[in-house]
$ cat start12.cif   # mmCIF, C-alpha atoms (C1' of nucleotides)
data_data
#
loop_
_atom_site.label_atom_id
_atom_site.label_comp_id
_atom_site.auth_asym_id
_atom_site.auth_seq_id
_atom_site.Cartn_x
_atom_site.Cartn_y
_atom_site.Cartn_z
CA MET P 1 16.49 -43.04 14.65
CA ALA P 2 13.48 -44.85 15.92
CA VAL P 3 10.58 -45.44 13.61
CA GLU P 4 8.50 -43.01 15.68
CA LEU P 5 9.53 -39.43 15.21
CA ARG P 6 8.37 -36.51 17.35
CA ARG P 7 4.64 -36.18 17.54
CA PRO P 8 2.19 -36.67 14.76
CA GLU P 9 4.28 -36.87 11.65
CA ARG P 10 1.06 -36.85 9.67
CA THR P 11 0.67 -35.07 6.40
CA PHE P 12 -2.38 -33.64 4.68
CA THR P 13 -3.56 -33.11 1.17
CA ILE P 14 -4.85 -29.76 0.14
CA ARG P 15 -8.40 -31.02 0.15
CA GLN P 16 -8.20 -32.46 3.63
CA LEU P 17 -7.18 -29.11 5.04
CA CYS P 18 -9.83 -27.36 3.01
CA LEU P 19 -12.53 -29.62 4.38
CA GLU P 20 -11.27 -29.31 7.91
CA PHE P 21 -11.03 -25.54 7.85
CA LYS P 22 -13.85 -24.75 5.48
CA CYS P 23 -11.84 -23.04 2.82
CA THR P 24 -10.96 -23.64 -0.81
CA PRO P 25 -7.84 -24.96 -2.54
CA ARG P 26 -7.62 -21.65 -4.31
CA ALA P 27 -7.26 -19.91 -0.98
CA LEU P 28 -4.43 -22.17 0.19
CA ARG P 29 -2.54 -21.70 -3.06
CA PHE P 30 -3.11 -18.01 -2.73
CA TYR P 31 -1.62 -18.00 0.75
CA GLU P 32 1.32 -19.87 -0.68
CA ASP P 33 1.75 -17.29 -3.42
CA LYS P 34 1.79 -14.66 -0.74
CA GLY P 35 4.43 -16.46 1.27
CA LEU P 36 2.23 -17.51 4.17
CA LEU P 37 2.58 -21.21 3.52
CA SER P 38 5.21 -23.32 1.83
CA PRO P 39 4.19 -26.95 1.90
CA ALA P 40 6.47 -29.69 0.64
CA ARG P 41 5.96 -31.15 -2.78
CA GLN P 42 5.65 -34.69 -3.95
CA GLY P 43 6.17 -34.20 -7.62
CA LEU P 44 3.77 -31.36 -8.23
CA ASN P 45 1.33 -32.13 -5.45
CA ARG P 46 1.40 -30.18 -2.25
CA ILE P 47 2.02 -32.05 0.97
CA TYR P 48 1.08 -30.18 4.12
CA SER P 49 2.83 -31.04 7.37
CA TYR P 50 1.49 -30.60 10.85
CA LYS P 51 3.38 -27.33 11.10
CA ASP P 52 1.74 -26.15 7.92
CA ARG P 53 -1.59 -27.00 9.43
CA ALA P 54 -0.77 -24.97 12.53
CA ARG P 55 0.26 -22.03 10.38
CA LEU P 56 -3.00 -22.28 8.52
CA GLN P 57 -4.87 -22.16 11.79
CA LEU P 58 -3.05 -19.00 12.74
CA ILE P 59 -3.77 -17.49 9.37
CA LEU P 60 -7.48 -18.13 9.66
CA ARG P 61 -7.67 -16.85 13.21
CA GLY P 62 -5.82 -13.77 12.12
CA LYS P 63 -8.29 -13.22 9.35
CA ARG P 64 -11.22 -13.65 11.67
CA VAL P 65 -9.98 -10.81 13.80
CA GLY P 66 -9.41 -8.55 10.85
CA LEU P 67 -5.72 -8.86 10.08
CA SER P 68 -4.60 -8.55 6.50
CA LEU P 69 -2.64 -11.38 4.96
CA ALA P 70 0.40 -9.11 4.86
CA GLU P 71 0.18 -8.53 8.60
CA ILE P 72 -0.32 -12.19 9.25
CA ARG P 73 2.68 -13.05 7.14
CA GLU P 74 4.78 -10.61 9.08
CA ILE P 75 3.75 -12.16 12.35
CA LEU P 76 4.36 -15.66 11.08
CA GLN P 77 7.79 -14.66 9.89
CA LEU P 78 8.67 -13.20 13.26
CA TYR P 79 7.27 -16.27 14.93
CA GLY P 80 9.41 -18.60 12.88
CA LYS P 81 12.55 -16.68 13.76
CA GLY P 82 12.87 -17.77 17.35
CA ASP P 83 16.45 -18.66 16.50
CA GLY P 84 17.36 -15.42 14.73
CA GLY P 85 19.58 -12.69 16.11
CA ALA P 86 18.65 -10.82 19.25
CA ALA P 87 17.86 -7.75 17.18
CA GLN P 88 15.32 -9.73 15.24
CA ASN P 89 13.75 -10.85 18.45
CA ALA P 90 13.61 -7.32 19.77
CA LYS P 91 11.85 -6.26 16.62
CA ALA P 92 9.44 -9.13 17.00
CA LEU P 93 8.75 -8.06 20.54
CA ARG P 94 7.91 -4.55 19.44
CA ARG P 95 5.63 -5.82 16.73
CA PHE P 96 3.88 -8.13 19.13
CA ARG P 97 3.29 -5.30 21.56
CA GLU P 98 1.88 -3.16 18.82
CA ARG P 99 -0.45 -5.96 17.88
CA ILE P 100 -1.51 -6.29 21.49
CA VAL P 101 -2.54 -2.67 21.86
CA ALA P 102 -4.31 -2.84 18.51
CA PHE P 103 -6.24 -5.89 19.60
CA GLU P 104 -7.12 -4.28 22.90
CA GLN P 105 -8.46 -1.28 21.07
CA GLN P 106 -10.46 -3.51 18.82
CA ARG P 107 -11.80 -5.41 21.78
CA ALA P 108 -12.92 -2.18 23.36
CA ASP P 109 -14.68 -1.20 20.15
CA ILE P 110 -16.48 -4.51 20.12
CA ASP P 111 -17.50 -4.13 23.72
CA GLU P 112 -18.99 -0.74 23.00
CA HIS P 113 -20.85 -2.13 20.08
CA LEU P 114 -22.08 -5.04 22.17
CA ALA P 115 -23.34 -2.73 24.86
CA GLU P 116 -25.23 -0.66 22.34
CA LEU P 117 -26.68 -3.71 20.65
CA ARG P 118 -27.81 -5.21 23.94
CA GLU P 119 -29.46 -2.00 24.93
CA ALA P 120 -31.21 -1.78 21.60
CA CYS P 121 -32.33 -5.37 22.01
CA SER P 122 -33.79 -4.64 25.42
CA ARG P 123 -35.76 -1.74 24.05
CA LEU P 124 -37.03 -3.79 21.15
CA GLU P 125 -37.98 -6.63 23.46
CA ALA P 126 -39.87 -4.35 25.77
CA PHE P 127 -41.65 -2.75 22.87
CA LEU P 128 -42.59 -6.03 21.25
CA GLU P 129 -43.72 -7.55 24.51
CA LYS P 130 -46.34 -4.83 24.74
CA SER P 131 -47.36 -4.80 21.11
CA ALA P 132 -46.82 -8.24 19.65
CA PRO P 133 -45.59 -11.03 21.96
CA ASP P 134 -46.07 -13.59 19.19
CA LEU P 135 -43.51 -11.88 16.98
CA LEU P 136 -41.19 -11.67 19.92
CA ALA P 137 -41.37 -15.43 20.31
CA SER P 138 -40.68 -15.94 16.63
CA ALA P 139 -37.69 -13.67 16.88
CA ALA P 140 -36.22 -15.82 19.62
CA ASP P 141 -36.07 -18.86 17.37
CA LEU P 142 -34.34 -19.56 14.12
CA PRO P 143 -31.17 -17.52 13.82
CA THR P 144 -31.66 -17.70 10.05
CA PRO P 145 -34.85 -18.85 8.36
CA PRO P 146 -34.63 -22.16 6.43
CA PRO P 147 -34.37 -20.61 2.95
CA SER P 148 -30.68 -20.45 2.05
CA GLY P 149 -29.66 -21.22 5.60
CA ARG P 150 -26.35 -22.99 6.25
CA SER P 151 -25.71 -24.63 9.56
CA SER P 152 -26.44 -23.23 12.97
CA THR P 153 -22.97 -21.81 13.49
CA ASP P 154 -22.45 -19.64 10.47
CA ARG P 155 -19.04 -18.16 10.20
CA ARG P 156 -18.37 -15.03 8.14
CA LEU P 157 -17.31 -12.29 10.46
CA ALA P 158 -14.49 -9.99 9.66
CA SER P 159 -13.50 -10.27 6.18
CA PRO P 160 -13.20 -7.14 6.48
CA ARG P 161 -11.18 -6.49 6.91
CA HIS P 162 -11.16 -6.26 5.06
CA ALA P 163 -9.35 -3.17 3.01
CA MET X 1 -41.15 27.14 19.69
CA ALA X 2 -38.39 28.69 21.68
CA VAL X 3 -35.27 29.86 19.96
CA GLU X 4 -33.41 26.97 21.58
CA LEU X 5 -34.29 23.67 20.02
CA ARG X 6 -33.37 20.29 21.47
CA ARG X 7 -29.71 19.94 22.10
CA PRO X 8 -26.89 21.06 19.87
CA GLU X 9 -28.53 22.04 16.65
CA ARG X 10 -25.07 22.49 15.23
CA THR X 11 -24.14 21.57 11.71
CA PHE X 12 -20.86 20.53 10.20
CA THR X 13 -19.13 20.89 6.90
CA ILE X 14 -17.63 17.88 5.27
CA ARG X 15 -14.16 19.00 6.16
CA GLN X 16 -14.93 19.50 9.82
CA LEU X 17 -16.12 15.94 10.15
CA CYS X 18 -13.14 14.71 8.19
CA LEU X 19 -10.74 16.46 10.50
CA GLU X 20 -12.55 15.28 13.59
CA PHE X 21 -12.71 11.66 12.53
CA LYS X 22 -9.55 11.44 10.52
CA CYS X 23 -11.07 10.52 7.22
CA THR X 24 -11.35 12.06 3.77
CA PRO X 25 -14.18 13.86 1.97
CA ARG X 26 -14.05 11.14 -0.60
CA ALA X 27 -14.93 8.59 2.06
CA LEU X 28 -17.92 10.56 3.29
CA ARG X 29 -19.25 11.00 -0.23
CA PHE X 30 -18.69 7.33 -0.77
CA TYR X 31 -20.73 6.47 2.30
CA GLU X 32 -23.42 8.72 0.96
CA ASP X 33 -23.36 6.95 -2.40
CA LYS X 34 -23.81 3.72 -0.54
CA GLY X 35 -26.76 5.02 1.42
CA LEU X 36 -25.07 5.23 4.81
CA LEU X 37 -25.37 8.97 5.09
CA SER X 38 -27.73 11.52 3.59
CA PRO X 39 -26.79 14.97 4.77
CA ALA X 40 -28.86 18.00 3.90
CA ARG X 41 -27.81 20.29 1.10
CA GLN X 42 -27.35 24.01 0.98
CA GLY X 43 -27.28 24.50 -2.74
CA LEU X 44 -24.77 21.85 -3.65
CA ASN X 45 -22.82 21.81 -0.42
CA ARG X 46 -23.38 19.08 2.09
CA ILE X 47 -24.54 20.09 5.55
CA TYR X 48 -24.11 17.44 8.22
CA SER X 49 -26.37 17.49 11.24
CA TYR X 50 -25.61 16.11 14.69
CA LYS X 51 -27.49 12.97 13.76
CA ASP X 52 -25.34 12.61 10.69
CA ARG X 53 -22.31 12.92 12.89
CA ALA X 54 -23.61 10.19 15.17
CA ARG X 55 -24.23 7.94 12.19
CA LEU X 56 -20.72 8.55 11.00
CA GLN X 57 -19.39 7.53 14.39
CA LEU X 58 -21.31 4.31 14.19
CA ILE X 59 -20.03 3.69 10.69
CA LEU X 60 -16.43 4.12 11.73
CA ARG X 61 -16.80 1.98 14.81
CA GLY X 62 -18.41 -0.68 12.68
CA LYS X 63 -15.50 -0.58 10.31
CA ARG X 64 -12.99 -0.85 13.09
CA VAL X 65 -14.55 -4.09 14.21
CA GLY X 66 -14.57 -5.53 10.75
CA LEU X 67 -18.07 -4.91 9.47
CA SER X 68 -18.58 -4.25 5.79
CA LEU X 69 -20.30 -1.07 4.74
CA ALA X 70 -23.24 -3.16 3.57
CA GLU X 71 -23.63 -4.69 7.01
CA ILE X 72 -23.32 -1.32 8.66
CA ARG X 73 -25.94 0.13 6.38
CA GLU X 74 -28.30 -2.68 7.27
CA ILE X 75 -27.85 -2.02 10.95
CA LEU X 76 -28.31 1.70 10.52
CA GLN X 77 -31.48 1.13 8.56
CA LEU X 78 -32.88 -1.11 11.26
CA TYR X 79 -31.84 1.42 13.84
CA GLY X 80 -33.66 4.22 12.11
CA LYS X 81 -36.87 2.23 11.90
CA GLY X 82 -37.89 2.42 15.51
CA ASP X 83 -41.28 3.60 14.29
CA GLY X 84 -41.85 0.93 11.67
CA GLY X 85 -44.27 -1.96 11.97
CA ALA X 86 -43.89 -4.57 14.67
CA ALA X 87 -42.73 -7.08 12.08
CA GLN X 88 -39.90 -4.78 11.14
CA ASN X 89 -38.93 -4.51 14.77
CA ALA X 90 -38.96 -8.26 15.18
CA LYS X 91 -36.68 -8.59 12.22
CA ALA X 92 -34.42 -5.96 13.66
CA LEU X 93 -34.32 -7.83 16.93
CA ARG X 94 -33.22 -11.03 15.18
CA ARG X 95 -30.55 -9.19 13.27
CA PHE X 96 -29.26 -7.55 16.38
CA ARG X 97 -29.04 -10.88 18.14
CA GLU X 98 -27.14 -12.35 15.23
CA ARG X 99 -24.74 -9.46 15.40
CA ILE X 100 -24.31 -10.02 19.10
CA VAL X 101 -23.28 -13.63 18.76
CA ALA X 102 -20.98 -12.72 15.89
CA PHE X 103 -19.32 -10.06 17.98
CA GLU X 104 -18.97 -12.42 20.90
CA GLN X 105 -17.29 -14.94 18.67
CA GLN X 106 -14.97 -12.29 17.36
CA ARG X 107 -14.18 -11.17 20.87
CA ALA X 108 -13.29 -14.71 21.79
CA ASP X 109 -10.99 -14.94 18.79
CA ILE X 110 -9.29 -11.76 19.84
CA ASP X 111 -8.87 -13.01 23.38
CA GLU X 112 -7.21 -16.15 22.12
CA HIS X 113 -4.90 -14.12 19.98
CA LEU X 114 -4.12 -11.83 22.87
CA ALA X 115 -3.27 -14.74 25.11
CA GLU X 116 -0.93 -16.16 22.52
CA LEU X 117 0.70 -12.83 21.88
CA ARG X 118 1.22 -12.17 25.57
CA GLU X 119 2.77 -15.54 26.05
CA ALA X 120 5.05 -15.00 23.09
CA CYS X 121 6.01 -11.63 24.52
CA SER X 122 6.90 -13.16 27.86
CA ARG X 123 9.14 -15.70 26.21
CA LEU X 124 10.82 -13.04 24.11
CA GLU X 125 11.30 -10.81 27.14
CA ALA X 126 12.84 -13.61 29.15
CA PHE X 127 15.12 -14.49 26.29
CA LEU X 128 16.22 -10.94 25.68
CA GLU X 129 16.75 -10.23 29.33
CA LYS X 130 19.36 -12.96 29.37
CA SER X 131 20.98 -12.15 26.06
CA ALA X 132 20.61 -8.43 25.36
CA PRO X 133 18.91 -6.25 28.01
CA ASP X 134 19.78 -3.13 26.02
CA LEU X 135 17.69 -4.25 23.09
CA LEU X 136 14.89 -5.11 25.45
CA ALA X 137 14.93 -1.54 26.71
CA SER X 138 14.87 -0.19 23.17
CA ALA X 139 11.93 -2.41 22.37
CA ALA X 140 9.95 -0.85 25.17
CA ASP X 141 10.18 2.59 23.59
CA LEU X 142 9.02 4.02 20.31
CA PRO X 143 5.94 2.22 19.08
CA THR X 144 6.93 3.17 15.55
CA PRO X 145 10.30 4.56 14.52
CA PRO X 146 10.31 8.18 13.20
CA PRO X 147 10.73 7.28 9.49
CA SER X 148 7.29 7.24 7.87
CA GLY X 149 5.61 7.25 11.25
CA ARG X 150 2.21 8.91 11.66
CA SER X 151 1.03 9.80 15.11
CA SER X 152 1.32 7.67 18.19
CA THR X 153 -2.15 6.21 17.89
CA ASP X 154 -2.15 4.73 14.45
CA ARG X 155 -5.48 3.41 13.38
CA ARG X 156 -5.80 0.83 10.63
CA LEU X 157 -7.09 -2.31 12.18
CA ALA X 158 -9.72 -4.27 10.40
CA SER X 159 -10.08 -3.14 7.01
CA PRO X 160 -10.48 -6.25 6.04
CA ARG X 161 -13.46 -6.85 5.84
CA HIS X 162 -12.68 -6.60 3.37
CA ALA X 163 -13.90 -10.06 1.23
"C1'" DT M 1 -8.20 -47.16 -24.14
"C1'" DG M 2 -11.07 -43.95 -22.43
"C1'" DG M 3 -12.76 -41.60 -18.71
"C1'" DC M 4 -13.15 -40.00 -13.84
"C1'" DG M 5 -11.29 -37.64 -9.95
"C1'" DC M 6 -7.91 -35.04 -7.86
"C1'" DG M 7 -4.33 -31.83 -8.46
"C1'" DT M 8 -1.58 -28.13 -10.89
"C1'" DT M 9 -0.62 -23.81 -13.29
"C1'" DG M 10 -1.74 -19.52 -15.47
"C1'" DA M 11 -4.93 -15.87 -16.59
"C1'" DC M 12 -8.70 -13.15 -16.13
"C1'" DG M 13 -12.88 -11.51 -13.42
"C1'" DT M 14 -14.95 -9.59 -9.10
"C1'" DT M 15 -16.00 -7.11 -4.93
"C1'" DT M 16 -14.94 -3.66 -1.42
"C1'" DA M 17 -13.45 0.72 -0.13
"C1'" DC M 18 -11.78 4.01 -1.28
"C1'" DG M 19 -7.57 7.26 -3.99
"C1'" DT M 20 -6.69 10.25 -7.71
"C1'" DC M 21 -7.56 13.33 -11.28
"C1'" DA M 22 -9.96 16.43 -14.36
"C1'" DG M 23 -13.26 19.84 -14.90
"C1'" DC M 24 -16.67 22.92 -13.18
"C1'" DC M 25 -18.99 26.26 -9.71
"C1'" DG M 26 -19.46 30.07 -6.40
"C1'" DC M 27 -17.13 33.22 -3.33
"C1'" DG M 28 -14.15 36.50 -1.22
"C1'" DC M 29 -10.17 39.50 -2.11
"C1'" DG M 30 -6.52 42.39 -3.67
"C1'" DC C 1 -10.47 41.03 -13.11
"C1'" DG C 2 -8.09 37.13 -12.14
"C1'" DC C 3 -7.38 33.51 -8.95
"C1'" DG C 4 -7.12 30.63 -5.26
"C1'" DC C 5 -9.96 27.96 -2.01
"C1'" DG C 6 -13.36 24.81 -0.87
"C1'" DG C 7 -16.72 21.94 -2.67
"C1'" DC C 8 -19.07 19.12 -6.26
"C1'" DT C 9 -19.47 15.59 -9.87
"C1'" DG C 10 -18.01 11.93 -12.78
"C1'" DA C 11 -14.60 8.69 -14.36
"C1'" DC C 12 -10.81 5.94 -13.93
"C1'" DG C 13 -7.28 3.47 -10.97
"C1'" DT C 14 -5.97 0.37 -7.19
"C1'" DA C 15 -5.05 -3.13 -3.51
"C1'" DA C 16 -6.72 -7.17 -1.19
"C1'" DA C 17 -8.53 -11.68 -1.37
"C1'" DC C 18 -9.98 -14.60 -3.54
"C1'" DG C 19 -13.58 -16.94 -7.58
"C1'" DT C 20 -13.80 -18.87 -12.01
"C1'" DC C 21 -12.26 -20.96 -16.10
"C1'" DA C 22 -9.31 -23.31 -19.35
"C1'" DA C 23 -5.89 -26.59 -20.24
"C1'" DC C 24 -2.99 -30.00 -18.68
"C1'" DG C 25 -0.81 -34.19 -15.77
"C1'" DC C 26 -1.31 -38.50 -13.20
"C1'" DG C 27 -3.14 -42.67 -11.29
"C1'" DC C 28 -6.57 -45.96 -11.59
"C1'" DC C 29 -9.91 -49.19 -13.23
"C1'" DA C 30 -13.35 -51.41 -16.01
#
$ encode --input "start12.cif" --output "structure tokens"
Amino acid sequence: MAVELRRPERTFTIRQLCLEFKCTPRALRFYEDKGLLSPARQGLNRIYSYKDRARLQLILRGKRVGLSLAEIREILQLYGKGDGGAAQNAKALRRFRERIVAFEQQRADIDEHLAELREACSRLEAFLEKSAPDLLASAADLPTPPPSGRSSTDRRLASPRHA
Amino acid sequence: MAVELRRPERTFTIRQLCLEFKCTPRALRFYEDKGLLSPARQGLNRIYSYKDRARLQLILRGKRVGLSLAEIREILQLYGKGDGGAAQNAKALRRFRERIVAFEQQRADIDEHLAELREACSRLEAFLEKSAPDLLASAADLPTPPPSGRSSTDRRLASPRHA
DNA sequence: TGGCGCGTTGACGTTTACGTCAGCCGCGCG
DNA sequence: CGCGCGGCTGACGTAAACGTCAACGCGCCA
């Protein structure tokens, strides 16, 4: 075989992934415990491949939209079984469709919430414009006041999940 | 005042609301403990007004989109303070805007997930159509197989938020 | 040789959102 | 009069998703 394999045959340490995706080593090991990841080992140390990285991305996106780790694992398992029997694939298809309708429902919920929030904002804006335009201006600025503020784009959305 | 007050001056028992919204008395009392609801009392029994019902709706929608009860309570409190000082309203406005961007982010995440899922479905469909059309047909049916299946529309989406 | 930094494995603690259970109350009914 | 139903109040249990802490290994380097 040539020296060059497929694409990026890079590997990552646990800390590199943690920095990149803003999570902790504990979390990655936890996902491993739960069967969501299974990085190679060099002695005791974990070595994450590019595929592992991709899986991690999927895990985190899943979390952001409120999936439980168990659900994410299920999806990942189905995903990885592109080669499995046709029955497996049919099952995967069903699961995927279920997920789709669930997501659509969730999207609709969000849209309703957004509509309500926007309307409430309009009312508040109108009210403040009459009563205290200065406060209105201050409200337009700083998403979070300096004290204990992280960066501008603060993640922390669904955890929620959640339950 | 006339005998007729505003709109539906109806009240609800805890069980009525539970049936309507598919939740348990325990949950409603829990929300009350946490300050999300505060129904009137008739002796010891809880009497929920129409406003309480509306709040409950908001709570459940919030949960579905991955908000924690603490976040929901905060929003409800801001909501209820339409009369408060202008500073309060300005704060509310900021909070609402934060929520809006968070929801938009979450919506985008969901859209990405949906796109991926749809693509995966297409591939699976194409594959199955070639290899086992019968299974494909079976996959189109029953969202959940009879054993241990609830109703057709099974909620249980975000819970997560839990974290 | 000692110490620092990174990594590992348990093990226990924590928060959220309830479930479950025991015990008590008031009410209608046969 | 008993009792079953619906409701109430604690109090304890639980599952998910990690945080935290202790104790250890390994390479390096001054």
$ residues_around --input "start12.cif" --residues "P:Leu58" --least-positions-apart "5" --cutoff "9 Å" --atoms "only C-alpha atoms (C1' of nucleotides)" --output "compact mmCIF listing (two decimals) with C-alpha atoms, in the frame of the given file"
# COMPACT_ATOMS: atom_id res chain seq x y z
CA ARG P 53 -1.59 -27.00 9.43
CA LYS P 63 -8.29 -13.22 9.35
CA ILE P 72 -0.32 -12.19 9.25
CA LEU P 76 4.36 -15.66 11.08
CA HIS X 113 -4.90 -14.12 19.98
$ interface_residues --input "start12.cif" --of "chain M" --to "chain P" --cutoff "9 Å" --atoms "only C-alpha atoms (C1' of nucleotides)" --output "PyMOL selection string"
chain M and resi 6-8+16-18
$ write_last_selection --input "start12.cif" --atoms "C-alpha atoms (C1' of nucleotides)" --output "mmCIF file, keeping the file's coordinate frame"
data_model
loop_
_atom_site.group_PDB
_atom_site.id
_atom_site.type_symbol
_atom_site.label_atom_id
_atom_site.label_comp_id
_atom_site.auth_asym_id
_atom_site.auth_seq_id
_atom_site.Cartn_x
_atom_site.Cartn_y
_atom_site.Cartn_z
ATOM 1 C "C1'" DC M 6 -7.910 -35.040 -7.860
ATOM 2 C "C1'" DG M 7 -4.330 -31.830 -8.460
ATOM 3 C "C1'" DT M 8 -1.580 -28.130 -10.890
ATOM 4 C "C1'" DT M 16 -14.940 -3.660 -1.420
ATOM 5 C "C1'" DA M 17 -13.450 0.720 -0.130
ATOM 6 C "C1'" DC M 18 -11.780 4.010 -1.280
#
$ closest_residue --input "start12.cif" --among "X:Ala70, X:Val101, X:Ala54, X:Val65" --to "chain P" --atoms "all atoms listed in the file"
X:Val65
$ closest_residue --input "start12.cif" --among "X:Gly66, X:Cys23, X:Ala108, X:Tyr50" --to "chain P" --atoms "only C-alpha atoms"
X:Gly66
$ residues_around --input "start12.cif" --residues "stretch 19-30 of chain M" --least-positions-apart "5" --cutoff "12 Å" --atoms "all atoms listed in the file" --output "JSON, numbers by chain"
{"X": [24, 25, 26, 27, 30, 43, 44, 45], "C": [1, 2, 3, 4, 5, 6, 7, 8, 9, 10, 11, 12, 13, 14, 15]}
$ interface_residues --input "start12.cif" --of "chain C" --to "chain P" --cutoff "9 Å" --atoms "only C-alpha atoms (C1' of nucleotides)" --output "PyMOL selection string"
chain C and resi 15-19
$ closest_residue --input "start12.cif" --among "P:Lys34, P:Arg95, P:Arg10, P:Lys51" --to "chain X" --atoms "all atoms listed in the file"
P:Arg95
$ resolve_selection --input "start12.cif" --expression "the PyMOL selection byres ((chain M and resi 3) around 12)" --output "list in words"
DT1, DG2, DC4 and DG5 of chain M; DC28, DC29 and DA30 of chain C
$ atom_distance --input "start12.cif" --atom1 "atom CA of X:Asn89" --atom2 "atom CA of P:Lys130"
12.4 Å
$ resolve_selection --input "start12.cif" --expression "the PyMOL selection byres ((chain X and resi 55) around 12)" --output "PyMOL selection string"
chain X and resi 17+28+31-32+35-39+48-54+56-62+72-73+75-77+79-80
$ closest_residue --input "start12.cif" --among "P:Ser122, P:Leu93, P:Ala115, P:Glu71" --to "chain X" --atoms "all atoms listed in the file"
P:Leu93
$ atom_distance --input "start12.cif" --atom1 "atom CA of X:Leu114" --atom2 "atom CA of P:Arg64"
13.4 Å
$ atom_distance --input "start12.cif" --atom1 "atom CA of P:Cys18" --atom2 "atom CA of P:Ile47"
12.9 Å
$ closest_residue --input "start12.cif" --among "P:Arg29, P:Gln42, P:Glu119, P:Asp109" --to "chain X" --atoms "all atoms listed in the file"
P:Asp109
$ closest_residue --input "start12.cif" --among "P:Glu74, P:Glu98, P:Glu20, P:Glu9" --to "chain X" --atoms "only C-alpha atoms"
P:Glu98
